[in-house]
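Structure record follows, encoded as C-alpha coordinates.
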Amino acid sequence: MFKTILFPTDGSPLSDKATVTAVQMARLHGARIIAISVIQPFPFLPMGDSGVVVPDAGIYERQMNDAAERNIAKVGLAAQQAGVPYEGLVVMSPSPYEEIVEAAKKHGVDLIVMASHGRSGLNRLLLGSETQKVLSHTELPVLILR
(Lines give C-alpha, C1' and ligand atoms only; values in the text may rest on other atoms or scores of the structure.)
Protein backbone atom coordinates (compact mmCIF):
# COMPACT_ATOMS: atom_id res chain seq x y z
CA MET A 1 0.00 0.00 0.00
CA PHE A 2 2.72 2.49 0.97
CA LYS A 3 5.97 2.50 -0.99
CA THR A 4 7.73 5.55 0.45
CA ILE A 5 7.28 6.90 3.97
CA LEU A 6 8.59 10.30 5.06
CA PHE A 7 9.52 10.57 8.72
CA PRO A 8 10.44 14.02 10.05
CA THR A 9 12.56 13.80 13.20
CA ASP A 10 13.72 16.41 15.67
CA GLY A 11 15.66 14.06 17.92
CA SER A 12 13.27 14.44 20.85
CA PRO A 13 12.46 11.39 22.97
CA LEU A 14 8.97 11.40 21.41
CA SER A 15 10.46 11.41 17.93
CA ASP A 16 12.85 8.61 18.88
CA LYS A 17 9.89 6.58 20.13
CA ALA A 18 7.99 7.23 16.89
CA THR A 19 11.00 5.96 14.91
CA VAL A 20 10.14 2.42 15.96
CA THR A 21 6.60 2.70 14.57
CA ALA A 22 7.70 4.42 11.36
CA VAL A 23 10.29 1.71 10.65
CA GLN A 24 7.82 -1.07 11.50
CA MET A 25 5.28 0.43 9.11
CA ALA A 26 7.90 0.63 6.37
CA ARG A 27 8.88 -3.00 6.94
CA LEU A 28 5.24 -4.13 7.01
CA HIS A 29 4.51 -2.42 3.70
CA GLY A 30 7.80 -3.21 2.01
CA ALA A 31 8.40 0.53 1.80
CA ARG A 32 11.48 2.68 2.02
CA ILE A 33 11.75 5.32 4.69
CA ILE A 34 13.08 8.82 4.22
CA ALA A 35 14.05 10.63 7.42
CA ILE A 36 14.24 14.40 7.35
CA SER A 37 15.55 16.76 9.99
CA VAL A 38 15.06 20.49 9.41
CA ILE A 39 17.52 22.93 10.93
CA GLN A 40 16.19 26.40 11.54
CA PRO A 41 18.68 29.20 10.80
CA PHE A 42 20.33 31.18 13.56
CA PRO A 43 17.47 33.24 15.04
CA PHE A 44 19.33 36.39 16.10
CA LEU A 45 21.17 39.11 14.25
CA PRO A 46 23.82 41.24 15.97
CA MET A 47 22.55 44.76 16.71
CA GLY A 48 25.70 46.79 16.15
CA ASP A 49 27.76 48.03 19.10
CA SER A 50 25.14 47.43 21.77
CA GLY A 51 27.57 45.57 24.01
CA VAL A 52 25.40 42.45 23.89
CA VAL A 53 27.32 39.23 23.37
CA VAL A 54 25.72 37.25 20.57
CA PRO A 55 26.69 33.62 19.92
CA ASP A 56 28.43 32.94 16.63
CA ALA A 57 25.92 31.94 13.91
CA GLY A 58 28.44 29.61 12.28
CA ILE A 59 28.98 27.66 15.49
CA TYR A 60 25.22 27.46 16.04
CA GLU A 61 24.60 26.13 12.53
CA ARG A 62 27.41 23.53 12.80
CA GLN A 63 26.06 22.31 16.13
CA MET A 64 22.52 22.14 14.78
CA ASN A 65 23.70 20.30 11.66
CA ASP A 66 25.63 17.80 13.78
CA ALA A 67 22.55 17.21 15.95
CA ALA A 68 20.34 16.78 12.86
CA GLU A 69 22.80 14.26 11.39
CA ARG A 70 22.70 12.30 14.66
CA ASN A 71 18.88 12.40 14.61
CA ILE A 72 18.58 10.92 11.15
CA ALA A 73 21.40 8.45 11.83
CA LYS A 74 19.24 6.95 14.61
CA VAL A 75 16.47 6.38 12.07
CA GLY A 76 19.01 4.97 9.61
CA LEU A 77 20.27 2.48 12.18
CA ALA A 78 16.73 1.35 13.05
CA ALA A 79 15.93 0.98 9.34
CA GLN A 80 19.13 -0.98 8.69
CA GLN A 81 18.39 -3.34 11.59
CA ALA A 82 14.88 -3.92 10.20
CA GLY A 83 16.11 -4.39 6.63
CA VAL A 84 14.24 -1.30 5.42
CA PRO A 85 15.65 0.86 2.59
CA TYR A 86 16.57 4.26 4.00
CA GLU A 87 17.52 7.76 2.93
CA GLY A 88 18.37 10.65 5.25
CA LEU A 89 17.96 14.36 4.57
CA VAL A 90 19.14 17.37 6.54
CA VAL A 91 17.89 20.73 5.31
CA MET A 92 17.99 24.28 6.64
CA SER A 93 14.88 26.41 6.56
CA PRO A 94 13.04 28.90 8.75
CA SER A 95 9.89 26.92 7.94
CA PRO A 96 10.18 23.20 8.77
CA TYR A 97 6.68 22.31 7.60
CA GLU A 98 7.36 23.71 4.13
CA GLU A 99 10.50 21.57 3.82
CA ILE A 100 8.58 18.49 4.97
CA VAL A 101 5.78 19.07 2.45
CA GLU A 102 8.29 19.81 -0.32
CA ALA A 103 10.34 16.68 0.47
CA ALA A 104 7.16 14.61 0.33
CA LYS A 105 6.41 15.94 -3.17
CA LYS A 106 9.99 15.63 -4.41
CA HIS A 107 10.41 12.02 -3.26
CA GLY A 108 6.99 10.71 -4.27
CA VAL A 109 5.99 9.94 -0.69
CA ASP A 110 2.80 7.95 -0.01
CA LEU A 111 2.62 8.58 3.75
CA ILE A 112 4.05 11.03 6.25
CA VAL A 113 4.58 9.68 9.77
CA MET A 114 5.12 12.37 12.41
CA ALA A 115 5.40 12.58 16.17
CA SER A 116 3.34 15.28 17.82
CA HIS A 117 4.11 16.79 21.17
CA GLY A 118 0.41 17.43 21.71
CA ARG A 119 0.83 21.03 22.79
CA SER A 120 -2.34 22.94 23.44
CA GLY A 121 -3.47 26.35 24.56
CA LEU A 122 -0.86 29.06 24.90
CA ASN A 123 2.06 26.70 24.24
CA ARG A 124 0.58 25.76 20.87
CA LEU A 125 -0.05 29.40 20.03
CA LEU A 126 3.48 30.48 20.97
CA LEU A 127 5.44 27.45 19.77
CA GLY A 128 3.26 26.59 16.80
CA SER A 129 2.62 23.10 15.56
CA GLU A 130 4.66 21.88 12.64
CA THR A 131 2.44 18.80 12.55
CA GLN A 132 -0.69 20.93 12.22
CA LYS A 133 0.95 22.99 9.47
CA VAL A 134 1.92 19.84 7.56
CA LEU A 135 -1.66 18.57 7.87
CA SER A 136 -2.93 21.88 6.49
CA HIS A 137 -0.55 21.96 3.53
CA THR A 138 -0.55 18.41 2.17
CA GLU A 139 -3.14 16.12 0.69
CA LEU A 140 -1.09 13.05 1.60
CA PRO A 141 -2.11 10.78 4.46
CA VAL A 142 -0.38 11.77 7.69
CA LEU A 143 -0.05 9.38 10.62
CA ILE A 144 0.43 11.31 13.86
CA LEU A 145 2.03 9.51 16.78
CA ARG A 146 2.11 10.59 20.41
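For the C-alpha coordinates, the naming scheme is as follows: chains receive sequential letters (A, B, ...) according to their order of presentation, residues are indexed from 1 within each chain, and ligands are indexed from 1 in presentation order.
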Write out as a ChimeraX atom specification all residues of chain A that DSSP puts in strand (DSSP E) for this structure's backbone.
/A:4-8,32-39,86-92,111-115,142-145
Skipping near chain neighbours, those fewer than 4 positions away, what residues fall within 6 Å of Ile5 of chain A using only C-alpha atoms, listed as a PyMOL selection string?
chain A and resi 33+109+111-112
Considering only C-alpha atoms, return as a PyMOL selection string whatever protein or nucleic-acid residues lie within 7 Å of segment 66-81 of chain A, sequence-local ones (same chain, fewer than 3 positions apart) excluded.
chain A and resi 9-11+19+23+35-37+62-63+84-86+88+90
Tell me, counting only C-alpha atoms, for each residue of segment 3-105 of chain A within 9 Å of segment 129-145 of chain A, which pair of atoms is nearest and how far apart they are in Å to one decimal, in rows ordered by chain and increasing number, as CSV.
```
residue,atom,partner,partner_atom,distance
A:Leu14,CA,A:Leu145,CA,8.6
A:Ser15,CA,A:Leu145,CA,8.7
A:Ala18,CA,A:Leu145,CA,6.4
A:Thr21,CA,A:Leu145,CA,8.5
A:Ser95,CA,A:Glu130,CA,8.6
A:Pro96,CA,A:Glu130,CA,6.9
A:Tyr97,CA,A:Val134,CA,5.4
A:Glu98,CA,A:Val134,CA,7.5
A:Ile100,CA,A:Val134,CA,7.3
A:Val101,CA,A:Thr138,CA,6.4
A:Ala104,CA,A:Leu140,CA,8.5
```
